[in-house]
>>> print(open('input-v2.cif').read())   # mmCIF, C-alpha atoms and all ligand atoms
data_run
#
loop_
_atom_site.label_atom_id
_atom_site.label_comp_id
_atom_site.auth_asym_id
_atom_site.auth_seq_id
_atom_site.Cartn_x
_atom_site.Cartn_y
_atom_site.Cartn_z
CA MET Y 1 -74.45 25.85 -49.85
CA LYS Y 2 -73.16 23.95 -52.84
CA PHE Y 3 -69.60 24.63 -54.02
CA PHE Y 4 -68.84 24.54 -57.71
CA VAL Y 5 -65.25 24.94 -58.89
CA ASP Y 6 -64.76 27.53 -61.60
CA THR Y 7 -61.98 26.04 -63.71
CA ALA Y 8 -61.18 23.56 -66.45
CA GLU Y 9 -57.91 22.49 -64.78
CA VAL Y 10 -58.49 18.82 -64.06
CA ASP Y 11 -55.74 18.45 -61.43
CA GLN Y 12 -57.09 21.33 -59.37
CA ILE Y 13 -60.63 19.95 -59.51
CA ALA Y 14 -59.35 16.51 -58.48
CA GLU Y 15 -57.55 17.91 -55.43
CA LEU Y 16 -60.71 19.55 -54.09
CA ASN Y 17 -62.92 16.67 -55.18
CA ASP Y 18 -60.83 14.26 -53.10
CA LEU Y 19 -61.68 16.40 -50.05
CA GLY Y 20 -65.39 16.19 -50.79
CA MET Y 21 -65.55 19.93 -51.49
CA VAL Y 22 -66.87 19.74 -55.05
CA ASP Y 23 -70.60 19.74 -55.77
CA GLY Y 24 -70.10 20.69 -59.40
CA VAL Y 25 -67.87 22.52 -61.89
CA THR Y 26 -68.33 25.53 -64.14
CA THR Y 27 -66.32 26.20 -67.26
CA ASN Y 28 -66.53 28.91 -69.89
CA PRO Y 29 -64.76 29.55 -73.22
CA SER Y 30 -62.00 31.56 -71.51
CA LEU Y 31 -61.33 28.79 -68.99
CA ILE Y 32 -61.24 26.18 -71.80
CA MET Y 33 -58.78 28.41 -73.67
CA LYS Y 34 -56.58 28.70 -70.53
CA SER Y 35 -56.59 24.91 -70.07
CA GLY Y 36 -55.31 24.40 -73.62
CA ARG Y 37 -57.57 21.33 -73.86
CA ASP Y 38 -60.22 20.23 -76.33
CA ILE Y 39 -63.65 21.20 -74.94
CA LEU Y 40 -65.29 17.82 -75.54
CA GLU Y 41 -62.39 15.85 -74.06
CA VAL Y 42 -61.79 17.95 -70.98
CA THR Y 43 -65.50 18.30 -70.22
CA LYS Y 44 -65.92 14.53 -70.41
CA GLU Y 45 -62.95 14.02 -68.09
CA ILE Y 46 -64.37 16.48 -65.55
CA ALA Y 47 -67.91 15.09 -65.80
CA ASP Y 48 -66.62 11.56 -65.18
CA MET Y 49 -64.71 12.76 -62.12
CA VAL Y 50 -67.37 14.74 -60.26
CA ASP Y 51 -70.86 13.68 -59.27
CA GLY Y 52 -72.59 17.05 -59.66
CA PRO Y 53 -73.43 19.34 -62.58
CA VAL Y 54 -70.64 20.35 -64.96
CA SER Y 55 -71.40 23.49 -66.94
CA ALA Y 56 -70.26 23.56 -70.57
CA GLU Y 57 -70.93 26.75 -72.51
CA VAL Y 58 -72.26 27.19 -76.03
CA VAL Y 59 -70.52 29.72 -78.27
CA ALA Y 60 -73.19 30.27 -80.94
CA THR Y 61 -75.19 33.49 -80.73
CA GLN Y 62 -78.36 32.46 -82.61
CA ALA Y 63 -80.95 30.36 -80.79
CA ASP Y 64 -81.06 27.45 -83.27
CA ALA Y 65 -77.29 27.11 -83.31
CA MET Y 66 -77.15 27.39 -79.50
CA ILE Y 67 -79.69 24.60 -79.23
CA ALA Y 68 -77.68 22.39 -81.61
CA GLU Y 69 -74.47 23.05 -79.65
CA GLY Y 70 -76.30 22.53 -76.36
CA ARG Y 71 -77.62 19.15 -77.51
CA LYS Y 72 -74.10 18.08 -78.49
CA LEU Y 73 -72.60 19.25 -75.17
CA ALA Y 74 -75.41 17.55 -73.21
CA LYS Y 75 -74.52 14.23 -74.86
CA ILE Y 76 -71.04 14.31 -73.24
CA ALA Y 77 -72.45 13.00 -69.94
CA ASP Y 78 -75.65 12.87 -67.89
CA ASN Y 79 -74.37 15.55 -65.48
CA ILE Y 80 -73.77 18.28 -68.07
CA ALA Y 81 -75.49 21.62 -67.52
CA VAL Y 82 -75.62 23.50 -70.81
CA LYS Y 83 -74.51 27.08 -70.29
CA VAL Y 84 -76.14 29.77 -72.42
CA PRO Y 85 -75.64 33.54 -72.30
CA LEU Y 86 -78.38 35.81 -70.99
CA THR Y 87 -79.51 37.14 -74.36
CA TRP Y 88 -82.93 36.82 -75.93
CA ALA Y 89 -81.57 34.00 -78.10
CA GLY Y 90 -80.04 32.41 -74.99
CA LEU Y 91 -83.42 32.48 -73.22
CA LYS Y 92 -85.06 30.77 -76.19
CA ALA Y 93 -82.35 28.11 -76.17
CA CYS Y 94 -82.75 27.75 -72.41
CA ASN Y 95 -86.46 27.09 -72.78
CA VAL Y 96 -86.02 24.48 -75.52
CA LEU Y 97 -83.10 22.69 -73.86
CA THR Y 98 -84.88 22.68 -70.48
CA ASN Y 99 -88.03 21.23 -72.02
CA GLU Y 100 -85.89 18.48 -73.54
CA GLY Y 101 -84.83 17.50 -70.02
CA ASN Y 102 -81.42 19.17 -69.84
CA MET Y 103 -79.99 21.22 -66.99
CA VAL Y 104 -79.37 24.78 -68.18
CA ASN Y 105 -77.15 27.41 -66.58
CA VAL Y 106 -77.94 30.92 -67.82
CA THR Y 107 -74.74 32.91 -67.56
CA LEU Y 108 -73.55 36.53 -67.82
CA CYS Y 109 -76.42 37.82 -65.66
CA PHE Y 110 -75.99 41.41 -64.52
CA SER Y 111 -79.51 42.48 -63.51
CA ALA Y 112 -82.45 41.23 -61.48
CA ASN Y 113 -84.74 41.56 -64.49
CA GLN Y 114 -82.45 39.28 -66.49
CA ALA Y 115 -82.61 36.76 -63.64
CA LEU Y 116 -86.41 36.96 -63.60
CA LEU Y 117 -86.53 36.16 -67.33
CA ALA Y 118 -84.14 33.23 -66.88
CA ALA Y 119 -86.39 31.75 -64.18
CA LYS Y 120 -89.42 32.12 -66.45
CA ALA Y 121 -87.47 30.40 -69.25
CA GLY Y 122 -86.98 27.44 -66.90
CA ALA Y 123 -83.27 27.83 -66.10
CA THR Y 124 -81.84 25.32 -63.65
CA PHE Y 125 -79.19 27.86 -62.59
CA ILE Y 126 -78.82 31.61 -62.95
CA SER Y 127 -75.26 32.93 -62.81
CA PRO Y 128 -75.01 36.54 -61.58
CA PHE Y 129 -71.42 37.78 -62.01
CA ILE Y 130 -70.43 39.55 -58.80
CA GLY Y 131 -66.79 40.39 -59.52
CA ARG Y 132 -67.47 41.91 -62.91
CA LEU Y 133 -70.08 44.27 -61.40
CA ASP Y 134 -67.57 45.26 -58.69
CA ASP Y 135 -65.06 45.89 -61.51
CA ILE Y 136 -67.26 48.73 -62.79
CA ASN Y 137 -67.83 50.14 -59.29
CA LEU Y 138 -71.29 48.62 -58.79
CA GLU Y 139 -72.16 46.47 -55.78
CA GLY Y 140 -72.22 42.93 -57.17
CA MET Y 141 -73.55 41.52 -53.91
CA ASP Y 142 -76.71 43.66 -54.13
CA LEU Y 143 -77.66 41.70 -57.24
CA ILE Y 144 -77.50 38.42 -55.34
CA SER Y 145 -79.80 39.86 -52.63
CA ASP Y 146 -82.26 41.22 -55.20
CA ILE Y 147 -82.49 37.92 -57.08
CA ARG Y 148 -82.86 35.97 -53.80
CA GLN Y 149 -85.78 38.20 -52.83
CA ILE Y 150 -87.49 38.02 -56.23
CA TYR Y 151 -87.14 34.24 -56.51
CA ASP Y 152 -88.43 33.79 -52.95
CA ASN Y 153 -91.34 36.19 -53.58
CA TYR Y 154 -92.67 33.92 -56.29
CA GLY Y 155 -91.22 30.52 -55.40
CA TYR Y 156 -89.01 30.16 -58.48
CA GLU Y 157 -86.91 27.02 -58.25
CA THR Y 158 -84.05 28.30 -60.41
CA GLN Y 159 -80.91 28.05 -58.29
CA ILE Y 160 -78.85 31.18 -57.70
CA LEU Y 161 -75.28 30.34 -58.68
CA ALA Y 162 -73.11 33.21 -57.41
CA ALA Y 163 -70.38 33.56 -60.05
CA SER Y 164 -67.36 35.70 -60.79
CA ILE Y 165 -66.33 35.22 -57.17
CA ARG Y 166 -62.90 36.71 -56.69
CA THR Y 167 -62.49 36.99 -52.90
CA VAL Y 168 -63.30 35.09 -49.74
CA ASN Y 169 -65.58 37.99 -48.81
CA HIS Y 170 -67.64 37.35 -51.94
CA ALA Y 171 -68.00 33.72 -50.80
CA TYR Y 172 -68.99 34.72 -47.26
CA GLN Y 173 -71.52 37.30 -48.39
CA SER Y 174 -73.08 34.96 -50.95
CA ALA Y 175 -73.57 32.37 -48.21
CA MET Y 176 -75.06 34.96 -45.83
CA ILE Y 177 -77.55 36.12 -48.47
CA GLY Y 178 -78.54 32.56 -49.31
CA ALA Y 179 -77.19 31.93 -52.80
CA ASP Y 180 -77.88 28.25 -53.49
CA VAL Y 181 -74.48 27.69 -55.05
CA MET Y 182 -71.25 29.58 -55.48
CA THR Y 183 -68.68 28.92 -58.14
CA ALA Y 184 -65.18 30.01 -57.28
CA PRO Y 185 -61.65 29.44 -58.51
CA PRO Y 186 -59.77 26.74 -56.53
CA LYS Y 187 -57.50 29.44 -55.06
CA VAL Y 188 -60.43 31.27 -53.43
CA ILE Y 189 -61.88 28.05 -52.01
CA LYS Y 190 -58.51 27.24 -50.42
CA GLN Y 191 -58.14 30.80 -49.09
CA MET Y 192 -61.40 30.30 -47.18
CA ALA Y 193 -59.44 28.04 -44.78
CA GLU Y 194 -56.99 30.81 -43.89
CA HIS Y 195 -57.08 33.09 -40.86
CA VAL Y 196 -54.24 35.03 -39.29
CA LEU Y 197 -55.36 34.03 -35.78
CA THR Y 198 -55.34 30.36 -36.79
CA ASP Y 199 -51.70 30.73 -37.91
CA LYS Y 200 -50.77 32.66 -34.77
CA GLY Y 201 -52.57 30.25 -32.45
CA LEU Y 202 -50.97 27.22 -34.07
CA GLU Y 203 -47.53 28.78 -33.80
CA ALA Y 204 -48.05 29.37 -30.04
CA PHE Y 205 -49.40 25.86 -29.43
CA LEU Y 206 -46.47 24.27 -31.25
CA ALA Y 207 -43.95 26.40 -29.36
CA ASP Y 208 -45.47 25.33 -26.02
CA TRP Y 209 -45.64 21.71 -27.12
CA GLU Y 210 -41.95 21.79 -27.97
CA LYS Y 211 -41.27 22.81 -24.34
CA THR Y 212 -43.07 19.71 -23.00
CA GLY Y 213 -40.56 17.42 -24.73
CA GLN Y 214 -43.45 15.02 -25.44
CA GLN Y 215 -44.40 13.19 -28.64
CA ILE Y 216 -47.77 11.79 -29.62
CA LEU Y 217 -46.37 9.17 -31.99
C1 LIG Y 301 -69.02 31.48 -64.08
O1 LIG Y 301 -69.67 30.58 -64.53
C2 LIG Y 301 -67.90 32.10 -64.78
O2 LIG Y 301 -67.16 31.07 -65.39
C3 LIG Y 301 -66.94 32.83 -63.87
O3 LIG Y 301 -67.40 32.84 -62.54
C4 LIG Y 301 -66.49 34.15 -64.38
O4 LIG Y 301 -65.58 34.72 -63.46
P1 LIG Y 301 -64.66 35.96 -63.84
O5 LIG Y 301 -65.52 37.18 -63.92
O6 LIG Y 301 -63.68 36.06 -62.71
O7 LIG Y 301 -64.02 35.64 -65.14
#
>>> encode(input="input-v2.cif", output="structure tokens", more="lines below")
Ligand code: E4P
Amino acid sequence: MKFFVDTAEVDQIAELNDLGMVDGVTTNPSLIMKSGRDILEVTKEIADMVDGPVSAEVVATQADAMIAEGRKLAKIADNIAVKVPLTWAGLKACNVLTNEGNMVNVTLCFSANQALLAAKAGATFISPFIGRLDDINLEGMDLISDIRQIYDNYGYETQILAASIRTVNHAYQSAMIGADVMTAPPKVIKQMAEHVLTDKGLEAFLADWEKTGQQIL
């Protein structure tokens, strides 16, 4: 499973990237706003740092303007994936930008039918938002399963990018279902290393080691 980091905070990406954990990065207008950085500058900095795809999102709502913004964002670096919303205009932009040789991430996907359309429009990635479905008392993970089945039924190559991941359980379930990629905030990726029995076991080992009076170095 590929891990994308869902943030525009360069320091946090660098920390995970140094551990070899980062296969790509996703940003969105809210994350750019939180970073306080200029979109072109921070996206360039991130794209230069990581080897994999870096999603940069358009903010226009009409297809022609989305395409123009997408072309500008794609020029930032070779590893930019242009992110477009899952609207009819976004699907048109996806098709044009894909045919021009760009990676396209179709975002804000909340139904299997939307994901089917994105695949037909040639999307490189489809981003179903798990957490936001859970927020309205739907089962976000069911959407990942449904898209996995539909894409496998017909051999679509669009990669399922499980997004809006808020918990380690979301990460675990996405991996079990077979999402190609997950994008998660750095905090969630780090929490995946935690287990209460690991902490307890380490505490006991260190207490026993202390009793031996030995040192390794
Ligand atoms: C994905 O590309 C989005 O940036 C992100 O996963 C949205 O997550 P949120 O619903 O927690 O804001």
>>> closest_atom_pairs(input="input-v2.cif", of="chain Y", to="ligand LIG 301 (chain Y)", cutoff="7 Å", atoms="all atoms listed in the file", output="JSON lines")
{"residue": "Y:Asp6", "atom": "CA", "partner": "Y:LIG301", "partner_atom": "O2", "distance": 5.7}
{"residue": "Y:Thr26", "atom": "CA", "partner": "Y:LIG301", "partner_atom": "O1", "distance": 5.2}
{"residue": "Y:Thr27", "atom": "CA", "partner": "Y:LIG301", "partner_atom": "O2", "distance": 5.3}
{"residue": "Y:Asn28", "atom": "CA", "partner": "Y:LIG301", "partner_atom": "O2", "distance": 5.0}
{"residue": "Y:Thr107", "atom": "CA", "partner": "Y:LIG301", "partner_atom": "O1", "distance": 6.3}
{"residue": "Y:Ser127", "atom": "CA", "partner": "Y:LIG301", "partner_atom": "O1", "distance": 6.3}
{"residue": "Y:Phe129", "atom": "CA", "partner": "Y:LIG301", "partner_atom": "O5", "distance": 6.2}
{"residue": "Y:Gly131", "atom": "CA", "partner": "Y:LIG301", "partner_atom": "O5", "distance": 5.6}
{"residue": "Y:Arg132", "atom": "CA", "partner": "Y:LIG301", "partner_atom": "O5", "distance": 5.2}
{"residue": "Y:Ala163", "atom": "CA", "partner": "Y:LIG301", "partner_atom": "O3", "distance": 3.9}
{"residue": "Y:Ser164", "atom": "CA", "partner": "Y:LIG301", "partner_atom": "O3", "distance": 3.4}
{"residue": "Y:Ile165", "atom": "CA", "partner": "Y:LIG301", "partner_atom": "O3", "distance": 6.0}
{"residue": "Y:Arg166", "atom": "CA", "partner": "Y:LIG301", "partner_atom": "O6", "distance": 6.1}
{"residue": "Y:Thr183", "atom": "CA", "partner": "Y:LIG301", "partner_atom": "O3", "distance": 6.0}
{"residue": "Y:Ala184", "atom": "CA", "partner": "Y:LIG301", "partner_atom": "O3", "distance": 6.4}
>>> write_last_selection(input="input-v2.cif", atoms="C-alpha atoms", output="PDB file, keeping the file's coordinate frame")
ATOM      1  CA  ASP Y   6     -64.760  27.530 -61.600  1.00  0.00           C
ATOM      2  CA  THR Y  26     -68.330  25.530 -64.140  1.00  0.00           C
ATOM      3  CA  THR Y  27     -66.320  26.200 -67.260  1.00  0.00           C
ATOM      4  CA  ASN Y  28     -66.530  28.910 -69.890  1.00  0.00           C
ATOM      5  CA  THR Y 107     -74.740  32.910 -67.560  1.00  0.00           C
ATOM      6  CA  SER Y 127     -75.260  32.930 -62.810  1.00  0.00           C
ATOM      7  CA  PHE Y 129     -71.420  37.780 -62.010  1.00  0.00           C
ATOM      8  CA  GLY Y 131     -66.790  40.390 -59.520  1.00  0.00           C
ATOM      9  CA  ARG Y 132     -67.470  41.910 -62.910  1.00  0.00           C
ATOM     10  CA  ALA Y 163     -70.380  33.560 -60.050  1.00  0.00           C
ATOM     11  CA  SER Y 164     -67.360  35.700 -60.790  1.00  0.00           C
ATOM     12  CA  ILE Y 165     -66.330  35.220 -57.170  1.00  0.00           C
ATOM     13  CA  ARG Y 166     -62.900  36.710 -56.690  1.00  0.00           C
ATOM     14  CA  THR Y 183     -68.680  28.920 -58.140  1.00  0.00           C
ATOM     15  CA  ALA Y 184     -65.180  30.010 -57.280  1.00  0.00           C
TER      16      ALA Y 184
END
>>> closest_residue(input="input-v2.cif", among="Y:Ser55, Y:Cys94, Y:Ala65, Y:Ala204", to="Asp78 of chain Y", atoms="all atoms listed in the file")
Y:Ser55
>>> residues_around(input="input-v2.cif", residues="Gly24 of chain Y", least_positions_apart="6", cutoff="7 Å", atoms="only C-alpha atoms", output="list of chain:residue names")
Y:Phe3, Y:Phe4, Y:Val5, Y:Val50, Y:Gly52, Y:Pro53, Y:Val54
>>> atom_distance(input="input-v2.cif", atom1="atom CA of Ala121 of chain Y", atom2="atom CA of Thr98 of chain Y")
8.2 Å
>>> residues_around(input="input-v2.cif", residues="Leu133 of chain Y", least_positions_apart="2", cutoff="12 Å", atoms="all atoms listed in the file", output="list of chain:residue names")
Y:Leu108, Y:Cys109, Y:Phe110, Y:Ser111, Y:Pro128, Y:Phe129, Y:Ile130, Y:Gly131, Y:Asp135, Y:Ile136, Y:Asn137, Y:Leu138, Y:Glu139, Y:Gly140, Y:Met141, Y:Asp142, Y:Leu143, Y:Ile144, Y:Ala163, Y:Ser164, Y:Ile165, Y:Arg166, Y:His170
>>> residues_around(input="input-v2.cif", residues="segment 186-200 of chain Y", least_positions_apart="5", cutoff="12 Å", atoms="all atoms listed in the file", output="VMD selection string")
chain Y and resid 3 to 17 19 21 to 22 25 to 26 164 to 172 205 to 207
>>> closest_residue(input="input-v2.cif", among="Y:Val59, Y:Leu91, Y:Ile46, Y:Ile160", to="Pro29 of chain Y", atoms="all atoms listed in the file")
Y:Val59
>>> closest_residue(input="input-v2.cif", among="Y:Val42, Y:Val106, Y:Val96, Y:Ile177", to="Val58 of chain Y", atoms="all atoms listed in the file")
Y:Val106
>>> atom_distance(input="input-v2.cif", atom1="atom CA of Gln159 of chain Y", atom2="atom CA of Asp38 of chain Y")
28.5 Å
>>> decode(input="input-v2.cif", residues="segment 118-131 of chain Y", atoms="all heavy atoms", output="CSV table (one decimal), in the first residue's frame")
chain,number,residue,atom,x,y,z
Y,118,ALA,N,-15.3,8.8,-12.6
Y,118,ALA,CA,-13.9,9.3,-12.6
Y,118,ALA,C,-13.0,8.3,-13.4
Y,118,ALA,O,-12.1,8.7,-14.1
Y,118,ALA,CB,-13.4,9.5,-11.2
Y,119,ALA,N,-13.2,7.0,-13.2
Y,119,ALA,CA,-12.4,6.0,-13.9
Y,119,ALA,C,-12.6,6.2,-15.4
Y,119,ALA,O,-11.6,6.1,-16.2
Y,119,ALA,CB,-12.8,4.6,-13.4
Y,120,LYS,N,-13.9,6.4,-15.8
Y,120,LYS,CA,-14.1,6.5,-17.2
Y,120,LYS,C,-13.5,7.8,-17.8
Y,120,LYS,O,-13.2,7.8,-19.0
Y,120,LYS,CB,-15.6,6.5,-17.5
Y,120,LYS,CG,-16.2,5.1,-17.2
Y,120,LYS,CD,-17.6,4.9,-17.8
Y,120,LYS,CE,-17.6,4.6,-19.3
Y,120,LYS,NZ,-17.0,3.3,-19.7
Y,121,ALA,N,-13.4,8.8,-17.0
Y,121,ALA,CA,-12.8,10.1,-17.4
Y,121,ALA,C,-11.2,10.0,-17.4
Y,121,ALA,O,-10.6,10.9,-17.7
Y,121,ALA,CB,-13.2,11.2,-16.5
Y,122,GLY,N,-10.7,8.8,-17.0
Y,122,GLY,CA,-9.3,8.6,-17.0
Y,122,GLY,C,-8.5,9.0,-15.8
Y,122,GLY,O,-7.2,9.2,-15.9
Y,123,ALA,N,-9.2,9.2,-14.7
Y,123,ALA,CA,-8.4,9.6,-13.5
Y,123,ALA,C,-7.3,8.7,-13.1
Y,123,ALA,O,-7.4,7.5,-13.2
Y,123,ALA,CB,-9.4,9.7,-12.3
Y,124,THR,N,-6.2,9.3,-12.7
Y,124,THR,CA,-5.1,8.5,-12.1
Y,124,THR,C,-5.5,8.0,-10.7
Y,124,THR,O,-5.2,6.8,-10.4
Y,124,THR,CB,-3.8,9.4,-12.0
Y,124,THR,OG1,-3.7,10.1,-13.2
Y,124,THR,CG2,-2.6,8.5,-11.8
Y,125,PHE,N,-6.1,8.9,-9.9
Y,125,PHE,CA,-6.5,8.6,-8.6
Y,125,PHE,C,-7.9,9.0,-8.4
Y,125,PHE,O,-8.4,10.0,-8.9
Y,125,PHE,CB,-5.6,9.3,-7.5
Y,125,PHE,CG,-4.2,9.1,-7.6
Y,125,PHE,CD1,-3.3,10.0,-8.2
Y,125,PHE,CD2,-3.6,7.9,-7.1
Y,125,PHE,CE1,-1.9,9.8,-8.3
Y,125,PHE,CE2,-2.2,7.7,-7.2
Y,125,PHE,CZ,-1.4,8.7,-7.8
Y,126,ILE,N,-8.7,8.2,-7.6
Y,126,ILE,CA,-10.0,8.6,-7.1
Y,126,ILE,C,-9.9,8.7,-5.6
Y,126,ILE,O,-9.3,7.8,-4.9
Y,126,ILE,CB,-11.1,7.6,-7.5
Y,126,ILE,CG1,-12.5,8.1,-7.0
Y,126,ILE,CG2,-10.8,6.2,-7.0
Y,126,ILE,CD1,-13.0,9.4,-7.7
Y,127,SER,N,-10.3,9.8,-5.0
Y,127,SER,CA,-10.2,10.1,-3.6
Y,127,SER,C,-11.6,10.0,-2.9
Y,127,SER,O,-12.3,11.0,-2.8
Y,127,SER,CB,-9.6,11.4,-3.3
Y,127,SER,OG,-8.2,11.4,-3.7
Y,128,PRO,N,-12.0,8.8,-2.4
Y,128,PRO,CA,-13.2,8.7,-1.6
Y,128,PRO,C,-12.9,9.2,-0.2
Y,128,PRO,O,-11.9,8.8,0.4
Y,128,PRO,CB,-13.5,7.2,-1.6
Y,128,PRO,CG,-12.4,6.5,-2.3
Y,128,PRO,CD,-11.3,7.5,-2.6
Y,129,PHE,N,-13.8,10.0,0.4
Y,129,PHE,CA,-13.5,10.7,1.7
Y,129,PHE,C,-14.2,9.9,2.8
Y,129,PHE,O,-15.4,10.0,3.0
Y,129,PHE,CB,-14.1,12.1,1.7
Y,129,PHE,CG,-13.1,13.1,1.1
Y,129,PHE,CD1,-12.3,12.8,0.0
Y,129,PHE,CD2,-13.1,14.4,1.6
Y,129,PHE,CE1,-11.4,13.8,-0.5
Y,129,PHE,CE2,-12.2,15.4,1.1
Y,129,PHE,CZ,-11.4,15.1,0.1
Y,130,ILE,N,-13.5,9.0,3.5
Y,130,ILE,CA,-14.1,8.1,4.5
Y,130,ILE,C,-14.6,8.9,5.7
Y,130,ILE,O,-15.7,8.8,6.1
Y,130,ILE,CB,-13.0,7.1,5.0
Y,130,ILE,CG1,-12.5,6.3,3.8
Y,130,ILE,CG2,-13.5,6.3,6.1
Y,130,ILE,CD1,-11.2,5.5,4.2
Y,131,GLY,N,-13.7,9.7,6.3
Y,131,GLY,CA,-14.1,10.4,7.5
Y,131,GLY,C,-15.3,11.3,7.4
Y,131,GLY,O,-16.2,11.4,8.3
